[in-house]
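Q: Data: coords.txt, compact mmCIF, C-alpha atoms.
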# COMPACT_ATOMS: atom_id res chain seq x y z
CA MET A 1 9.02 38.96 60.64
CA GLU A 2 10.74 42.28 61.29
CA THR A 3 14.34 42.20 60.08
CA ASP A 4 16.89 44.21 62.04
CA PRO A 5 19.12 45.82 59.36
CA HIS A 6 22.05 45.94 61.77
CA GLU A 7 21.80 42.22 62.48
CA LEU A 8 21.61 41.53 58.75
CA ARG A 9 24.73 43.55 58.00
CA ASN A 10 26.62 42.03 60.94
CA LEU A 11 25.92 38.53 59.64
CA LEU A 12 27.07 39.51 56.16
CA ARG A 13 30.30 41.04 57.47
CA LEU A 14 31.10 37.83 59.32
CA ALA A 15 30.40 35.84 56.16
CA LEU A 16 32.73 38.09 54.15
CA LEU A 17 35.49 37.67 56.72
CA GLU A 18 34.99 33.90 56.69
CA ASP A 19 35.53 33.82 52.93
CA ILE A 20 38.15 36.50 52.40
CA GLY A 21 40.31 36.09 55.49
CA ASP A 22 43.55 38.04 55.03
CA GLY A 23 42.86 38.73 51.37
CA ASP A 24 41.46 37.55 48.04
CA HIS A 25 44.89 36.53 46.79
CA SER A 26 43.60 35.22 43.45
CA SER A 27 42.27 38.67 42.53
CA LEU A 28 45.21 40.51 44.07
CA ALA A 29 47.57 38.42 41.98
CA SER A 30 45.80 38.68 38.63
CA VAL A 31 43.43 41.66 38.43
CA PRO A 32 44.62 45.29 38.14
CA GLU A 33 43.89 47.32 41.26
CA ASN A 34 41.74 49.99 39.61
CA ALA A 35 40.07 47.96 36.86
CA THR A 36 36.37 48.67 36.41
CA LYS A 37 34.32 45.73 35.14
CA ARG A 38 30.74 44.51 34.76
CA ALA A 39 28.95 41.27 35.65
CA LYS A 40 25.40 39.94 35.33
CA LEU A 41 23.51 37.55 37.58
CA LEU A 42 22.22 34.80 35.32
CA VAL A 43 19.38 32.38 36.13
CA LYS A 44 20.18 28.77 35.23
CA GLN A 45 17.13 27.06 36.70
CA ASN A 46 13.42 27.89 36.83
CA GLY A 47 12.07 29.00 40.19
CA VAL A 48 11.23 31.87 42.52
CA LEU A 49 13.81 34.55 43.11
CA ALA A 50 14.94 35.58 46.60
CA GLY A 51 17.91 37.46 48.01
CA VAL A 52 18.13 40.35 45.54
CA GLU A 53 17.92 42.94 48.31
CA VAL A 54 20.48 40.99 50.32
CA ALA A 55 22.85 40.89 47.34
CA GLN A 56 22.73 44.68 47.09
CA ILE A 57 23.67 44.93 50.77
CA ILE A 58 26.55 42.48 50.24
CA PHE A 59 28.04 44.65 47.51
CA ASP A 60 27.51 47.71 49.69
CA GLU A 61 29.16 46.13 52.75
CA THR A 62 32.05 44.79 50.69
CA ALA A 63 32.69 48.24 49.26
CA LYS A 64 32.54 49.94 52.66
CA TYR A 65 34.57 47.36 54.57
CA TYR A 66 37.34 47.06 51.97
CA ASN A 67 37.30 50.72 50.94
CA TYR A 68 36.11 50.46 47.34
CA PRO A 69 33.85 52.93 45.51
CA LEU A 70 30.22 51.83 45.65
CA PRO A 71 29.32 49.78 42.56
CA LYS A 72 26.42 50.58 40.27
CA ILE A 73 23.70 47.90 40.42
CA ASP A 74 20.85 47.78 37.91
CA VAL A 75 18.13 45.47 39.25
CA LEU A 76 15.95 43.91 36.54
CA LEU A 77 14.07 41.27 38.58
CA PHE A 78 13.00 41.52 42.20
CA ASP A 79 12.47 39.22 45.17
CA GLY A 80 9.42 37.02 44.64
CA SER A 81 9.68 37.07 40.84
CA VAL A 82 9.10 33.82 38.98
CA VAL A 83 12.26 33.34 36.91
CA SER A 84 13.26 31.13 33.99
CA ILE A 85 16.53 29.83 32.60
CA GLY A 86 18.38 32.65 30.87
CA ASP A 87 16.83 35.53 32.82
CA ILE A 88 19.17 38.27 34.00
CA VAL A 89 18.42 39.36 37.57
CA PHE A 90 20.75 42.36 37.79
CA THR A 91 23.93 43.82 36.42
CA VAL A 92 26.72 45.24 38.56
CA GLU A 93 29.48 47.61 37.47
CA GLY A 94 32.39 48.57 39.68
CA ASN A 95 35.88 47.71 40.81
CA ALA A 96 36.74 44.25 39.49
CA ARG A 97 38.32 43.13 42.76
CA LEU A 98 35.21 44.23 44.65
CA ILE A 99 32.95 42.18 42.36
CA LEU A 100 35.15 39.11 42.78
CA LYS A 101 35.24 39.48 46.57
CA ALA A 102 31.46 39.63 46.80
CA GLU A 103 30.68 37.06 44.09
CA ARG A 104 30.61 33.84 46.07
CA LEU A 105 28.72 35.23 49.04
CA VAL A 106 26.10 36.75 46.72
CA LEU A 107 25.65 33.41 44.95
CA ASN A 108 25.67 31.26 48.08
CA ILE A 109 22.98 33.33 49.75
CA MET A 110 20.83 33.94 46.68
CA GLN A 111 20.93 30.32 45.55
CA ARG A 112 19.93 29.07 48.99
CA MET A 113 17.25 31.71 49.52
CA SER A 114 15.82 31.21 46.02
CA GLY A 115 15.65 27.46 46.55
CA ILE A 116 13.68 27.94 49.77
CA ALA A 117 11.40 30.55 48.19
CA THR A 118 10.75 28.20 45.26
CA TYR A 119 9.79 25.31 47.54
CA ALA A 120 7.70 27.56 49.80
CA ARG A 121 5.80 28.82 46.74
CA GLN A 122 5.20 25.26 45.51
CA MET A 123 3.89 24.21 48.92
CA SER A 124 1.80 27.35 49.45
CA ASP A 125 0.15 26.95 46.06
CA LEU A 126 -1.14 23.50 47.08
CA ILE A 127 -3.39 25.06 49.74
CA LYS A 128 -3.86 28.64 48.53
CA ASP A 129 -7.63 28.14 48.22
CA LEU A 130 -7.98 27.03 51.84
CA PRO A 131 -8.14 29.22 55.00
CA VAL A 132 -4.95 27.80 56.52
CA LYS A 133 -1.45 29.20 57.06
CA LEU A 134 1.70 27.34 56.05
CA LEU A 135 4.25 27.95 58.82
CA ASP A 136 8.00 27.55 59.02
CA THR A 137 9.92 26.20 62.04
CA ARG A 138 13.25 26.52 63.88
CA LYS A 139 14.72 23.72 61.75
CA THR A 140 17.12 26.08 60.05
CA THR A 141 20.85 26.38 59.34
CA PRO A 142 22.75 27.86 62.31
CA ASN A 143 23.70 31.51 61.72
CA PHE A 144 21.63 31.51 58.52
CA ARG A 145 18.12 31.47 60.02
CA LEU A 146 17.43 35.12 59.24
CA PHE A 147 17.98 34.60 55.52
CA GLU A 148 16.04 31.34 55.42
CA LYS A 149 13.08 32.92 57.20
CA MET A 150 13.17 35.85 54.76
CA ALA A 151 13.09 33.38 51.87
CA VAL A 152 10.13 31.49 53.33
CA LYS A 153 8.16 34.73 53.51
CA ILE A 154 9.17 35.74 49.98
CA GLY A 155 7.92 32.35 48.78
CA GLY A 156 4.49 32.93 50.30
CA ALA A 157 4.57 30.96 53.56
CA VAL A 158 4.44 32.45 57.07
CA ASN A 159 7.18 32.96 59.65
CA HIS A 160 6.02 31.22 62.82
CA ARG A 161 8.63 32.29 65.34
CA MET A 162 12.22 33.40 65.03
CA GLY A 163 13.69 31.59 68.02
CA LEU A 164 13.23 30.49 71.61
CA TYR A 165 12.77 34.07 72.76
CA ASP A 166 9.58 35.22 71.01
CA MET A 167 7.07 32.56 72.08
CA ILE A 168 6.63 29.97 74.79
CA MET A 169 6.48 26.67 72.93
CA LEU A 170 5.87 23.77 75.31
CA LYS A 171 7.02 20.73 73.34
CA ASP A 172 6.78 17.10 74.47
CA ASN A 173 10.10 17.25 76.36
CA HIS A 174 9.05 20.42 78.19
CA VAL A 175 5.82 18.72 79.25
CA ASP A 176 7.61 15.57 80.38
CA TYR A 177 10.31 17.50 82.27
CA ALA A 178 7.71 19.75 83.91
CA GLY A 179 5.70 16.80 85.19
CA GLY A 180 2.75 16.91 82.84
CA ILE A 181 0.55 19.25 80.81
CA GLU A 182 -1.04 21.10 83.72
CA ALA A 183 2.30 21.68 85.43
CA ALA A 184 3.86 22.96 82.21
CA ILE A 185 1.02 25.38 81.46
CA THR A 186 0.65 26.75 84.98
CA GLY A 187 4.42 27.15 85.20
CA ALA A 188 4.44 29.09 81.94
CA ARG A 189 1.63 31.39 83.09
CA LYS A 190 3.38 31.98 86.41
CA TYR A 191 6.61 32.83 84.58
CA LEU A 192 4.86 35.36 82.33
CA ASN A 193 3.10 36.99 85.28
CA GLU A 194 6.31 37.27 87.27
CA THR A 195 8.42 38.60 84.41
CA GLY A 196 5.79 40.83 82.82
CA ARG A 197 6.47 39.35 79.39
CA LYS A 198 3.77 39.32 76.74
CA LEU A 199 4.35 36.04 74.91
CA LYS A 200 1.93 33.57 73.38
CA ILE A 201 1.85 30.07 74.83
CA GLU A 202 1.69 27.10 72.48
CA ILE A 203 1.59 23.54 73.73
CA GLU A 204 2.23 20.33 71.83
CA THR A 205 -0.17 17.43 72.15
CA ARG A 206 0.49 13.87 71.02
CA ASN A 207 -2.99 12.38 71.15
CA LEU A 208 -6.64 13.20 71.79
CA ALA A 209 -6.32 12.52 75.52
CA GLU A 210 -3.69 15.24 75.76
CA VAL A 211 -5.93 17.59 73.78
CA ASP A 212 -8.67 16.99 76.34
CA GLU A 213 -6.21 17.71 79.15
CA VAL A 214 -5.19 21.02 77.57
CA LEU A 215 -8.85 21.97 77.13
CA ARG A 216 -9.46 21.23 80.82
CA VAL A 217 -6.53 23.39 81.95
CA GLY A 218 -6.87 26.17 79.38
CA GLN A 219 -4.60 29.24 79.62
CA VAL A 220 -2.90 28.69 76.24
CA ASP A 221 -3.11 30.41 72.87
CA ILE A 222 -2.25 27.64 70.39
CA ILE A 223 -2.58 23.86 70.52
CA MET A 224 -0.15 21.91 68.39
CA LEU A 225 -1.38 18.56 67.08
CA ASP A 226 1.79 16.59 66.41
CA ASN A 227 1.83 13.53 64.17
CA PHE A 228 -1.94 13.01 64.44
CA LYS A 229 -3.69 10.71 62.02
CA LEU A 230 -6.14 12.53 59.76
CA ASP A 231 -9.25 11.26 61.57
CA ASP A 232 -7.77 12.32 64.91
CA LEU A 233 -6.87 15.73 63.49
CA ARG A 234 -10.47 16.28 62.43
CA GLU A 235 -11.71 15.12 65.83
CA ALA A 236 -9.23 17.36 67.66
CA VAL A 237 -10.32 20.41 65.64
CA LYS A 238 -13.94 19.57 66.45
CA ARG A 239 -13.25 19.24 70.18
CA ILE A 240 -11.24 22.48 70.32
CA GLY A 241 -14.11 24.20 68.55
CA GLY A 242 -12.31 27.43 67.77
CA ARG A 243 -11.46 28.22 71.39
CA TYR A 244 -7.76 28.12 70.58
CA GLU A 245 -5.69 28.28 67.41
CA THR A 246 -4.65 24.89 66.08
CA GLU A 247 -1.42 23.88 64.40
CA ALA A 248 -0.76 20.55 62.73
CA SER A 249 2.83 19.32 62.53
CA GLY A 250 4.83 16.22 61.77
CA ASN A 251 5.70 14.63 58.43
CA ILE A 252 4.31 17.53 56.40
CA THR A 253 5.39 17.20 52.76
CA GLU A 254 3.91 18.10 49.39
CA LYS A 255 2.23 14.67 49.46
CA THR A 256 0.48 15.17 52.81
CA LEU A 257 -0.06 18.93 52.99
CA ARG A 258 -3.38 19.18 51.17
CA GLU A 259 -5.19 16.49 53.13
CA VAL A 260 -3.92 17.88 56.44
CA ALA A 261 -5.12 21.36 55.46
CA GLU A 262 -8.57 19.97 54.72
CA THR A 263 -9.02 18.85 58.36
CA GLY A 264 -9.75 22.43 59.39
CA VAL A 265 -6.59 23.34 61.31
CA ASP A 266 -5.57 27.00 61.40
CA GLY A 267 -1.91 26.43 60.61
CA ILE A 268 0.45 23.74 59.38
CA SER A 269 4.12 23.86 60.29
CA SER A 270 6.73 22.23 58.08
CA GLY A 271 10.43 22.02 58.75
CA ALA A 272 10.79 20.78 55.18
CA LEU A 273 10.36 24.37 53.97
CA THR A 274 13.94 25.03 55.01
CA HIS A 275 15.71 21.72 55.54
CA GLN A 276 14.47 19.98 52.39
CA ALA A 277 14.72 22.85 49.90
CA ARG A 278 17.36 22.57 47.16
CA SER A 279 19.37 25.59 46.06
CA LEU A 280 18.46 27.27 42.78
CA ASP A 281 21.22 27.41 40.18
CA LEU A 282 22.46 30.97 39.58
CA SER A 283 25.70 32.33 38.15
CA LEU A 284 27.52 35.68 38.16
CA LYS A 285 29.16 36.15 34.76
CA ALA A 286 31.49 38.84 33.48
CA PHE A 287 30.37 40.60 30.29
Would you encode the structure as structure tokens?
A:
Amino acid sequence: METDPHELRNLLRLALLEDIGDGDHSSLASVPENATKRAKLLVKQNGVLAGVEVAQIIFDETAKYYNYPLPKIDVLLFDGSVVSIGDIVFTVEGNARLILKAERLVLNIMQRMSGIATYARQMSDLIKDLPVKLLDTRKTTPNFRLFEKMAVKIGGAVNHRMGLYDMIMLKDNHVDYAGGIEAAITGARKYLNETGRKLKIEIETRNLAEVDEVLRVGQVDIIMLDNFKLDDLREAVKRIGGRYETEASGNITEKTLREVAETGVDGISSGALTHQARSLDLSLKAF
């Protein structure tokens, strides 16, 4: 996934405005205007670290937007590092009010990203010896998808698609609304030809009969096998025979991932990577 730095900074500015509003009155009321202080980011739970680069941008944007001198940040541990309780990720030295303004946003984003990266690493490790990709989905937090997708990648899984705009994904409702599999596929191909867009077409199938129908029609790139039983997954992979990429989906957890991967599918998508991950406990402490 290519991250647009402008989009990243725009999202962070909006998040700062959401939190600070017309001023951090707690700091304005109690902390001297020109005080220079230090803080350290402390790990309070074992896991995989994510969001360090984002944290640096948050401090940078806070300084620029609110007209503070840029703080000095000494990074000790980087994105993707396996961390333990008591580890120090980085230290920051700068205007005290700046540090306090940025503190909660840094923690909120890093805790969430690190939790996702930790879960993605745990899941990826279950199938790391098999030739299959663990994929994320669009089941993300609104306005936070970019950060969650970054965390998935840091954790070792694969970004599938960013949104509705970078792939044609014909799900069950698309097929039903279009009037069937053939109508949905031919409509998608017609749309791409007329618009000149270069997008992959993936179509969801719900049973082996629908797999056979897709194979008859062709003109797709990926066949999704949604909520298939294991025997049917193996049979579907056999029938497809490598002509198209295959993706298994539906009820993918740490308990089911390994056996699904062993059916021979090319990819396994799991919304749980983002919507079931628990935040990692981190703290920013003055010292």
Q: Using all atoms listed in the file, which of the listed residues (A:Leu192, A:Val214, A:Ala261, A:Ala117) sits closest to Gly180 (chain A)?
A: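 Counting all atoms listed in the file, the residue closest to Gly180 (chain A) is A:Val214.
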Q: Place a sphere of radius 12 Å on (18.5, 31.7, 61.0) in the file coordinates and name every protein, DNA or RNA residue with an atom inside or on its surface, counting all atoms listed in the file; give the answer as a ChimeraX atom specification.
A: /A:1,3,7-8,11,113,136-152,159,161-164,274-275
Q: Excluding same-chain residues fewer than 3 positions from Ala188 (chain A), what lies within 8 Å of it counting all atoms listed in the file, as a PyMOL selection string?
A: chain A and resi 168+184-185+191-192+201
Q: Could you tell me how far CA of Lys200 (chain A) lies from CA of Asp166 (chain A), in Å and to one decimal?
A: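 Between CA of Lys200 (chain A) and CA of Asp166 (chain A) the gap works out to 8.2 Å.
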Q: What is the distance between CA of Leu284 (chain A) and CA of Asn95 (chain A), in Å to one decimal?
A: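 Separation of CA of Leu284 (chain A) and CA of Asn95 (chain A): 14.9 Å.
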Q: Within 12 Å of Asn207 (chain A), counting all atoms listed in the file, which residues qualify if same-chain residues fewer than 4 places away don't, as a PyMOL selection string?
A: chain A and resi 172+211-214+223-233+235-236+248
Q: Output the selection as an mmCIF file, in the coordinates of the input - C-alpha atoms for each residue.
A:
data_model
loop_
_atom_site.group_PDB
_atom_site.id
_atom_site.type_symbol
_atom_site.label_atom_id
_atom_site.label_comp_id
_atom_site.auth_asym_id
_atom_site.auth_seq_id
_atom_site.Cartn_x
_atom_site.Cartn_y
_atom_site.Cartn_z
ATOM 1 C CA ASP A 172 6.780 17.100 74.470
ATOM 2 C CA VAL A 211 -5.930 17.590 73.780
ATOM 3 C CA ASP A 212 -8.670 16.990 76.340
ATOM 4 C CA GLU A 213 -6.210 17.710 79.150
ATOM 5 C CA VAL A 214 -5.190 21.020 77.570
ATOM 6 C CA ILE A 223 -2.580 23.860 70.520
ATOM 7 C CA MET A 224 -0.150 21.910 68.390
ATOM 8 C CA LEU A 225 -1.380 18.560 67.080
ATOM 9 C CA ASP A 226 1.790 16.590 66.410
ATOM 10 C CA ASN A 227 1.830 13.530 64.170
ATOM 11 C CA PHE A 228 -1.940 13.010 64.440
ATOM 12 C CA LYS A 229 -3.690 10.710 62.020
ATOM 13 C CA LEU A 230 -6.140 12.530 59.760
ATOM 14 C CA ASP A 231 -9.250 11.260 61.570
ATOM 15 C CA ASP A 232 -7.770 12.320 64.910
ATOM 16 C CA LEU A 233 -6.870 15.730 63.490
ATOM 17 C CA GLU A 235 -11.710 15.120 65.830
ATOM 18 C CA ALA A 236 -9.230 17.360 67.660
ATOM 19 C CA ALA A 248 -0.760 20.550 62.730
#
Q: What is the distance, in Å and to one decimal place, between CA of Lys133 (chain A) and CA of Thr253 (chain A)?
A: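 Pair CA of Lys133 (chain A) / CA of Thr253 (chain A) returns 14.5 Å.
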Q: Would you please work out which residue, of A:Ser84, A:Thr256, A:Asn67, A:Thr62, is nearest to Leu100 (chain A) when using all atoms listed in the file?
A: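 The answer is A:Thr62, which sits nearest to Leu100 (chain A).
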Q: Counting all atoms listed in the file, which residue out of A:Gly241, A:Leu280, A:Thr195, A:Arg234 sits closest to Leu49 (chain A)?
A: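 For Leu49 (chain A), the nearest of the candidates is A:Leu280.
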Q: Excluding same-chain residues fewer than 3 positions from Ser283 (chain A), what lies within 8 Å of it counting only C-alpha atoms, as a CSV table (one decimal) with C-alpha atoms, in the coordinates of the input?
A:
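After the write, out02.csv holds the following:
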chain,number,residue,atom,x,y,z
A,41,LEU,CA,23.5,37.6,37.6
A,42,LEU,CA,22.2,34.8,35.3
A,43,VAL,CA,19.4,32.4,36.1
A,44,LYS,CA,20.2,28.8,35.2
A,107,LEU,CA,25.6,33.4,45.0
Q: Check the smallest atom-to-atom distance from each of A:Val83, A:Val89, A:Leu215, A:Ala96 to Pro71 (chain A) using all atoms listed in the file, then report the winner.
A: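 Between A:Val83, A:Val89, A:Leu215, A:Ala96, the residue approaching Pro71 (chain A) most closely is A:Ala96.
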Q: Using all atoms listed in the file, which of the listed residues (A:Ile109, A:Ala286, A:Leu17, A:Ala102) sits closest to Asp60 (chain A)?
A: A:Ala102
Q: Give the answer as one residue: which of A:Met110, A:Val52, A:Ala157, A:Ala63 has the shortest atom-to-atom distance to Ser124 (chain A), using all atoms listed in the file?
A: A:Ala157
Q: Write a file for region 19-31 of chain A of the given structure; include N, CA, C and O atoms and format it as a PDB file, in the first residue's frame.
A:
ATOM      1  N   ASP A  19      -9.306  17.089  19.117  1.00  0.00           N
ATOM      2  CA  ASP A  19      -8.934  16.959  20.524  1.00  0.00           C
ATOM      3  C   ASP A  19      -8.701  18.312  21.193  1.00  0.00           C
ATOM      4  O   ASP A  19      -9.117  18.536  22.340  1.00  0.00           O
ATOM      5  N   ILE A  20      -8.066  19.213  20.478  1.00  0.00           N
ATOM      6  CA  ILE A  20      -7.639  20.466  21.099  1.00  0.00           C
ATOM      7  C   ILE A  20      -8.700  21.556  21.019  1.00  0.00           C
ATOM      8  O   ILE A  20      -8.838  22.385  21.936  1.00  0.00           O
ATOM      9  N   GLY A  21      -9.482  21.557  19.959  1.00  0.00           N
ATOM     10  CA  GLY A  21     -10.535  22.565  19.835  1.00  0.00           C
ATOM     11  C   GLY A  21      -9.975  23.975  19.908  1.00  0.00           C
ATOM     12  O   GLY A  21      -9.049  24.329  19.179  1.00  0.00           O
ATOM     13  N   ASP A  22     -10.523  24.796  20.833  1.00  0.00           N
ATOM     14  CA  ASP A  22     -10.045  26.184  20.932  1.00  0.00           C
ATOM     15  C   ASP A  22      -8.899  26.335  21.934  1.00  0.00           C
ATOM     16  O   ASP A  22      -8.531  27.450  22.296  1.00  0.00           O
ATOM     17  N   GLY A  23      -8.323  25.206  22.367  1.00  0.00           N
ATOM     18  CA  GLY A  23      -7.149  25.310  23.219  1.00  0.00           C
ATOM     19  C   GLY A  23      -7.052  24.204  24.248  1.00  0.00           C
ATOM     20  O   GLY A  23      -8.066  23.687  24.727  1.00  0.00           O
ATOM     21  N   ASP A  24      -5.812  23.832  24.577  1.00  0.00           N
ATOM     22  CA  ASP A  24      -5.551  22.883  25.660  1.00  0.00           C
ATOM     23  C   ASP A  24      -5.530  23.687  26.962  1.00  0.00           C
ATOM     24  O   ASP A  24      -4.475  24.102  27.442  1.00  0.00           O
ATOM     25  N   HIS A  25      -6.690  23.899  27.529  1.00  0.00           N
ATOM     26  CA  HIS A  25      -6.816  24.827  28.659  1.00  0.00           C
ATOM     27  C   HIS A  25      -6.138  24.296  29.922  1.00  0.00           C
ATOM     28  O   HIS A  25      -5.699  25.083  30.766  1.00  0.00           O
ATOM     29  N   SER A  26      -6.038  22.970  30.039  1.00  0.00           N
ATOM     30  CA  SER A  26      -5.345  22.405  31.209  1.00  0.00           C
ATOM     31  C   SER A  26      -3.874  22.821  31.208  1.00  0.00           C
ATOM     32  O   SER A  26      -3.332  23.255  32.236  1.00  0.00           O
ATOM     33  N   SER A  27      -3.233  22.706  30.040  1.00  0.00           N
ATOM     34  CA  SER A  27      -1.820  23.095  29.947  1.00  0.00           C
ATOM     35  C   SER A  27      -1.652  24.606  30.006  1.00  0.00           C
ATOM     36  O   SER A  27      -0.721  25.117  30.648  1.00  0.00           O
ATOM     37  N   LEU A  28      -2.550  25.335  29.351  1.00  0.00           N
ATOM     38  CA  LEU A  28      -2.467  26.797  29.366  1.00  0.00           C
ATOM     39  C   LEU A  28      -2.586  27.339  30.786  1.00  0.00           C
ATOM     40  O   LEU A  28      -1.962  28.345  31.141  1.00  0.00           O
ATOM     41  N   ALA A  29      -3.371  26.637  31.604  1.00  0.00           N
ATOM     42  CA  ALA A  29      -3.621  27.118  32.958  1.00  0.00           C
ATOM     43  C   ALA A  29      -2.517  26.751  33.942  1.00  0.00           C
ATOM     44  O   ALA A  29      -2.379  27.417  34.979  1.00  0.00           O
ATOM     45  N   SER A  30      -1.730  25.717  33.633  1.00  0.00           N
ATOM     46  CA  SER A  30      -0.828  25.198  34.664  1.00  0.00           C
ATOM     47  C   SER A  30       0.646  25.104  34.264  1.00  0.00           C
ATOM     48  O   SER A  30       1.511  24.976  35.134  1.00  0.00           O
ATOM     49  N   VAL A  31       0.947  25.151  32.985  1.00  0.00           N
ATOM     50  CA  VAL A  31       2.317  24.922  32.520  1.00  0.00           C
ATOM     51  C   VAL A  31       2.895  26.218  31.952  1.00  0.00           C
ATOM     52  O   VAL A  31       2.275  26.844  31.089  1.00  0.00           O
TER      53      VAL A  31
END
